[in-house]
Every structure is written in structure tokens, then in C-alpha cells.
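Heads up, the thing below is written out as C-alpha cells.
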Amino acid sequence: MAPHISALPVVVPFLAGPLVVAVGQFAPRWFNDSVGMLAAVAATALCALLAVHAAQHPFAYWLGGWTPRYGTTIGISLSIDTLGAGLATFSALLVTAALTYSLRYFDAVEGLYHGLMLLFMAGMVGFCLTGDLFNLLVFFEVMSAAAYALTAYKIEERGPIQGAINFGITNSIGAYGMFIGLALLYARTGALNMAEIGAALGSHHADWLVIVAMVLLFGGFLTKAAAVPLHFWLADAHAVAPIPVCVLFSGVMVELGVYAVARLYWQVFAGTLSAHEIAVRAVFVGLGVMTALLGAVMCFLQRHVKRLLAFSTISHVGMFICGVAFLTGKGIAGVGTYLVGHGLTKAALFMCAGVLLHRFATIDEYDLHGRGRELPLVGLLMGVGALMLAALPPFTTFMGKSLLEEAAAGAGYNWVIVVFIFVSAMTGGAVLRVTGRVFLGWGPTEGPHPGQAEAAREDTHEETGSPTHTPPLMVLVPAVLLVGVLLLGLIPGAVPGIERFAAQFVEHKAYAGWVLHGLRVSVPVLPPSHISADDYGYSLISTVGALAVASLGLFGRPVRARLPDALGHPAEAAAGVLHGVHSGHIGDYITWWTAGVGVIGGVCLVALR
Amino acid sequence: MAFFPFFVAAWLFVVGLWGVVSSRNLVRTVISLVVVQASSYVLLLGIGYRGGAKAPIVADIPTTSRLVDPVVQVLVLTDIVIEATVAALLLALVVQAHKRFGSVNPDDLRPLRD
């Protein structure tokens, strides 16, 4: 039965979305809310069904019954394996959570909002399920267009307009580069199905055309994934988008970019680049480390809490890029596990920020100094979320991080573990600092860069105007998500299961077998990995590090004042340069984009010949 | 001459990017973006072209005729739909930017600057 419902999780929101847009103006709010929730829950359940079915053996569903003949495709396939369908389930689940939160978060909301959220979900789910490269790009555009519109949902304010323009232009250029990459691959292989392109490239030597195509495709997806220096749009969009939209951006949309890179590498390029694994690893681990470090530092430097969380996402995406770049099943398993833990944590943290915004009409850390004392429960959630970012055992993030560390050691990149610990300490520490200042009233009340406070105060339209009361639902939803982070990793068989499906994900030849020839491929059996004493040690270091970073941020001013000038001035100058580079100017962003893709391309052309 | 469409495609991509980077007017930025995407149309049509072949409309020509590749033409059509959507959305945002900032120069859009 399951193969025949394959297209439904995309079709249902595609039909329900326009429906609420069309009748939403005339319908009462409960109607829009119910249609939105029903469609999201239905898509979640359908994706989960597909994931369970694919756990037996993955399968391809050929739309319109156009099955391939002798390994040549005629139609378009949804190529469904457990990791892809699982990610689709996770996307739909987060949409459900965001819509639930929206029930109380928005005072007045039109059908347009629900419609855009459903189209966004349809794009993400289709993106996870499809096996066709062109289809992948179309779903990329569907989810992107909905995302631009959602960013600018508060269309009467200045910030959202500029954030959406920067987001839209940067991501569109990434997407158009991908169309060029796709055209080059089609010219070489005459195929659009990923399995068929991979089979046609085979183990032939990758010439410049294939490498240019790969760099353009990866460049586009890494723009969505906000790899440095293609990341500038992300903080601008997150700073201004409504909270439930930020939940989806940070929780899953950005990570889908990394997913697509992994999918493309293993299903298309793994054969032709098999002789160059060492070089591929070096290039993309380098990119991931750069992203992780810059994101972590920028995260600590923010006082606008939504921007802070946005840079934390960039930093964690850097870890994901490293995890994929190790080019092992274990790396993919680590990314998969961490992605779920991080997505739920980040969603909950944005929802906590939403409570503050709702209550106090500002999201500036210093403006909020001590005012969170009336909301102890939210403070508790935020503190726990910070510890989850710091990968404290036994949270799911810890499970994922220990797999990533094992993968790093397995690939011969032991030093990357230090970067991972730095990321956990800095991002966890920054959120702990916010928690301490806002909910406990610790630290000074005046901070650097007062300009940021102005931008953080402009959000005043979307919230309900009853500042003395926070609806319980807005605290309940993030609490449930955080309980999920606690429990998911502890379910027996969950993490070993992800490891087995990840081992299947990296089977380049087997993929072509089950997609093109309908072979039944079973999931490999692996001995489950054990969490070693080292992993607990690393986690201890990152948690202590997070506490140290937080106290430095809260009480460190006397220490920083006493730093010798030789140390203090360059640090301040560097921070100033970093702030200056994130200028908000679209021309600057595209200059960085062009330079970034150019450098990645140049390095790949030299290293992969 | 066979390489001509590919040179045109590369030129459009580069000149469009330059347009976005150097623009002092957001309308020009969006139009430059359209130019960037136009490069993929030219490239795709160039890839599908076959010398002396007919348009791929098979209703009233012999089934043995040489045809240009219909797949790329479908891709271009889909690309155009996407591009129209994105351009319309961005231009609507530019109109809104003009209302709220009183300017369409990206230099004047500064609420996000620290």
C-alpha cells in the first residue's frame, strides 16, 4: 500500500495551501487554523508511513507509472529511503509544531499565512523525497519562494522588507547557478534522474565540466545551508521573520541544504570522484570548519537574541558540513542524529525568544535585563536548551555529537573534535549568557553596539497586545520539543537504526540498483557503536566551556578592561571588522558569494583533476 | 560557431552577477537577477540543439524526422515559470521598500546594520 501514497504528503499541502488562501479571507480563523493543522498532521503521518515502509527496503515510486526501461528513465521518480522520508517527517512535524505555536502567537492572522506555511512544507517534503535532480531544484524553488514571502510577512515594517530582499536575491542566485550545473550534467549524461546520472558518470574520470557542475550545484545548496561566505542572508532573514517561521528556517530548512549536498555526493558524484576522496574531504571539511568557527564567534558577539540564535545555527551547520565531508556512513549518522536534536532545540529556543518578544516587544538582550524574572519557566526552558546546544549527556545532541566525533577520528581528522567542542561551548555559552541576563538579572545593564537594540525593538506588530499574560500554549510547545530532545536519543534502537540507514545512504551502486532496476535492497546490519569515555570527557569540556563563556559574557567586563592593549585592541578591531562585513548590503553579499563559489571552484578544479 | 551559445550563456551569467553587485537601484538588481537566469535558458537550448533538426512537435511530421531535444525546452519553460514567480515577488518587495524607506537604493536600506 505504501508506494501508492508516496506522492500524497506533497499533494495534500499543495491542495490545502491554495484552499486556505482562496477562502481564508471569508472564513473564520478557526477554519484556517484547522485546515493548516490537519494538512500538516496528515503530511507528518504519511511521511512517517513512508519512512517505516522504506525501512524494510527502499523503493522508487514512478509518477504516472512511467517506470524505467532497461535502466533508462522516462519519468520522474520519488526515490524513498528511510533517511529521506525521516527528514520529510521531521520537516512536517516542525511545521505542525510551528502552526500550533502560531495559534496563540499571532493575534490576527489571515489564510495567506497558513497557505504559505503549507506550500513551504510541500516544498520541503518534496525536496526530501524526490529522486530527480530537476525536480529537486523545483522543490528548492517552491520552498524558497514561500520562505521569502514568509520572511516578509510583516510587510509594513522596514526590517522584514530588507531581510526578505537579501534572502531572496542571494538564494535565487544560488538556485540559478544550480540550473547551470544541472544543464551541464544533462549535457554530459542525457539524464535527470540522480541514480541515472550517477550510473552514467560511473567511475569515469571527472573532467572540468563535471567538476564545474558539481561546484555550482553544491554552491547553490550551500547557500541555502549558509556555509561561510555564502551565509550572509541567514542572519538578516532570521532577525526579521516571524518566530514560527524562524523555527522552520533554523530547525530544518537550512539543514536541508546540507542534506542535498550529501544526497548529491553519494548518489551522483561518489563513483566518479572515488579516486579523489581525500581531496574532497579536505576541501569540504575546511569549509565546514570555517563556517563553524565564524558562526560561533559571531553568535557570541550578538545582543539581538534572534540574530544570536541565527549565528548559532550557522555554527552548527558548519559541524554538519564537516560530518558529511568525512564521507562515511558514520558521519551521515552523526549529522542525522544531531540534526534532529539541534532542530528541536533551536525550535524551542526560538519559541522562548518569541515569548519574550510577545511579552516585552523587544528581543534585545540588554533591554530585557532582569525582566524575565516573571517568567521562570521560560527561563528554565532556555537554560536547558542552552545545555542541549552544549551537547550535555544524555540529550540527543550529545548522541549525535559523539557519532560525529567518532567519524572525525575515523576519517583522520581528530583536530576537528576541538572545533566541535569550541562550537558547543560558544553557542551554548552565548544562550546561557542570555538566560542569565534576562531571567536572573545578572551582569551589567548596558552593552556594546547600542545600534543593535534599535533593530531589535522594531518588531511590534505581530504580537497580541496583552503584555501581562503569556498564553500557556506558547510555553507548552517548546517544553514538549525539549522533552523530545531528551527522550529521542534514549529510545533503544533509535541511534543504531540511524547508523544502519546512514550506511545504506552511502551505498552509491546499490542506490542505482533499487531506483533504476527495482531491486530489493535490505538495510545493512552493523554492530551498534558505543559511546566511549572520551565522548563524555569532550562533553564535560564543552559544558564547562559553555559555563565559562557565559560567565565571561556576564561578568567579564573587568577582566576584559584589564587585558593588555596588545591583546584587547586587536580583538576589538577583529570584532569590529566582523560586524562591518555583515553589512546588510545586497551588493556586498553577492560579491562575497561570487568570490566564495569562485574560490571553492578553483580549489576543486586544482585538487580534483 | 557551435560554441557560440555557450559563450553567450557564460557572458549573461557574469554580466548579470555584475549587475547585482554594482546596482544602485533595486529594480535594476532584480532585472540583473533575471539576466543571470536567462543564461541557463540559452545554455539549455544550446545543449538540446541539433543541426538541421525540426521542432519537437511530432503530430504531423514523419516519425523518422530529426528533432531537437524536447526535454531541455520543457526545462526552460519550467525555469521561466519559476523566474516569473521569484521576480514578481521580489519586485513587489521593492515597491514596498520604496514605500517604507522612500528609496530603492540598497545603500539606503539600513535597518539591519549594527
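How things are named: the first chain in the C-alpha cells is A, the next is B, and so on; residues count from 1 in each chain; ligands count from 1 in the order shown.
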(request) Give the alpha helix (DSSP H) residues of chain B, as assigned by DSSP on the backbone, as a PyMOL selection string. (result) chain B and resi 4-22+26-48+70-101
(request) Taking only C-alpha atoms into account, report as an MDAnalysis selection string which residues of chain A lie within 9 Å of chain B. (result) chainID A and resid 134 138 141:142 145 148:149 152 155:159 161:165 168:169 172:173 175:177 179:180 183:184 186:187 236 239:240 449:455 579:580 582:591 594
(message) So that I can see what lies close to Val254 of chain A, please list as a PyMOL selection string the residues with an atom at most 8 Å from it, counting only C-alpha atoms and leaving out residues fewer than 3 positions away in the same chain.
(response) chain A and resi 224-226+249-251+257-258+317
(message) Please report the interatomic distance between atom CA of Gly271 of chain A and atom CA of Gly198 of chain A in Å with one decimal.
(response)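 Atom CA of Gly198 of chain A lies at a distance of 7.1 Å from atom CA of Gly271 of chain A.
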Please list as a PDB file with C-alpha atoms, in the first residue's frame every residue within 8 Å of Val485 of chain A, counting only C-alpha atoms and excluding residues in the same chain fewer than 6 positions away.
ATOM      1  CA  VAL A 340      17.037  16.106  14.933  1.00  0.00           C
ATOM      2  CA  GLY A 341      18.370  17.137  18.349  1.00  0.00           C
ATOM      3  CA  LEU A 344      14.099  20.558  18.132  1.00  0.00           C
ATOM      4  CA  THR A 345      16.370  22.522  20.492  1.00  0.00           C
ATOM      5  CA  PHE A 395      20.463  14.598  25.212  1.00  0.00           C
ATOM      6  CA  THR A 396      20.053  13.626  21.551  1.00  0.00           C
ATOM      7  CA  THR A 397      22.531  16.344  20.596  1.00  0.00           C
TER       8      THR A 397
END
(message) So the first atom is atom CA of Arg371 of chain A and the second is atom CA of Pro448 of chain A; what is the distance between them in Å, to one decimal place?
(response)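 The value is 19.2 Å.
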(request) Using only C-alpha atoms, find the one residue out of A:Asp132, A:Asp367, A:Asp33, A:Glu110 that sits nearest to Ala98 of chain A. (result) A:Asp33
(request) Would you list the contacts of Ala45 of chain A as a PyMOL selection string, taking every protein, DNA or RNA residue within 12 Å and counting only C-alpha atoms, but skipping same-chain residues closer than 6 positions in sequence? (result) chain A and resi 2+5-6+8-9+12+38-39+51-52+85-86+88-93+96
(request) Take atom CA of Leu12 of chain B and atom CA of Leu605 of chain A and report the distance between them in Å, one decimal. (result)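 Atom CA of Leu605 of chain A lies at a distance of 22.4 Å from atom CA of Leu12 of chain B.
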(request) Determine the nearest neighbour of His517 of chain A from the options A:Glu374, A:Glu196, A:Asp565, A:Asp534, counting only C-alpha atoms. (result)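 Among A:Glu374, A:Glu196, A:Asp565, A:Asp534, it is A:Glu196 that comes nearest to His517 of chain A.
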(message) I need the residue nearest Gly52 of chain B from this list: B:Leu67, B:Leu77, B:Ser103, B:Ala2. Use only C-alpha atoms for the distance.
(response)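 Residue with the minimum atom-to-atom distance to Gly52 of chain B: B:Leu67.
With only C-alpha atoms as the atoms that count, the minimum distance from Leu230 of chain A to the choices A:Ala146, A:Ala595, A:Phe505, A:Tyr61 is reached by A:Ala595.
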(request) Extract, using only C-alpha atoms, all DNA, RNA and protein residues at most 7 Å from Trp233 of chain A, discarding same-chain residues fewer than 2 positions from it, and format them as an NGL selection string. (result) :A and (166-167 or 170 or 231 or 235-237)
Restrict the selected residues to C-alpha atoms and save them as a short mmCIF file (atom, residue, chain, number, x, y, z; two decimals), in the first residue's frame.
data_model
loop_
_atom_site.label_atom_id
_atom_site.label_comp_id
_atom_site.auth_asym_id
_atom_site.auth_seq_id
_atom_site.Cartn_x
_atom_site.Cartn_y
_atom_site.Cartn_z
CA ASN A 166 18.57 39.95 0.73
CA PHE A 167 17.34 36.41 1.34
CA THR A 170 21.11 35.55 -2.57
CA HIS A 231 25.78 32.76 4.69
CA ALA A 235 21.06 36.30 9.99
CA ASP A 236 19.20 39.10 8.16
CA ALA A 237 16.26 36.80 7.39
#
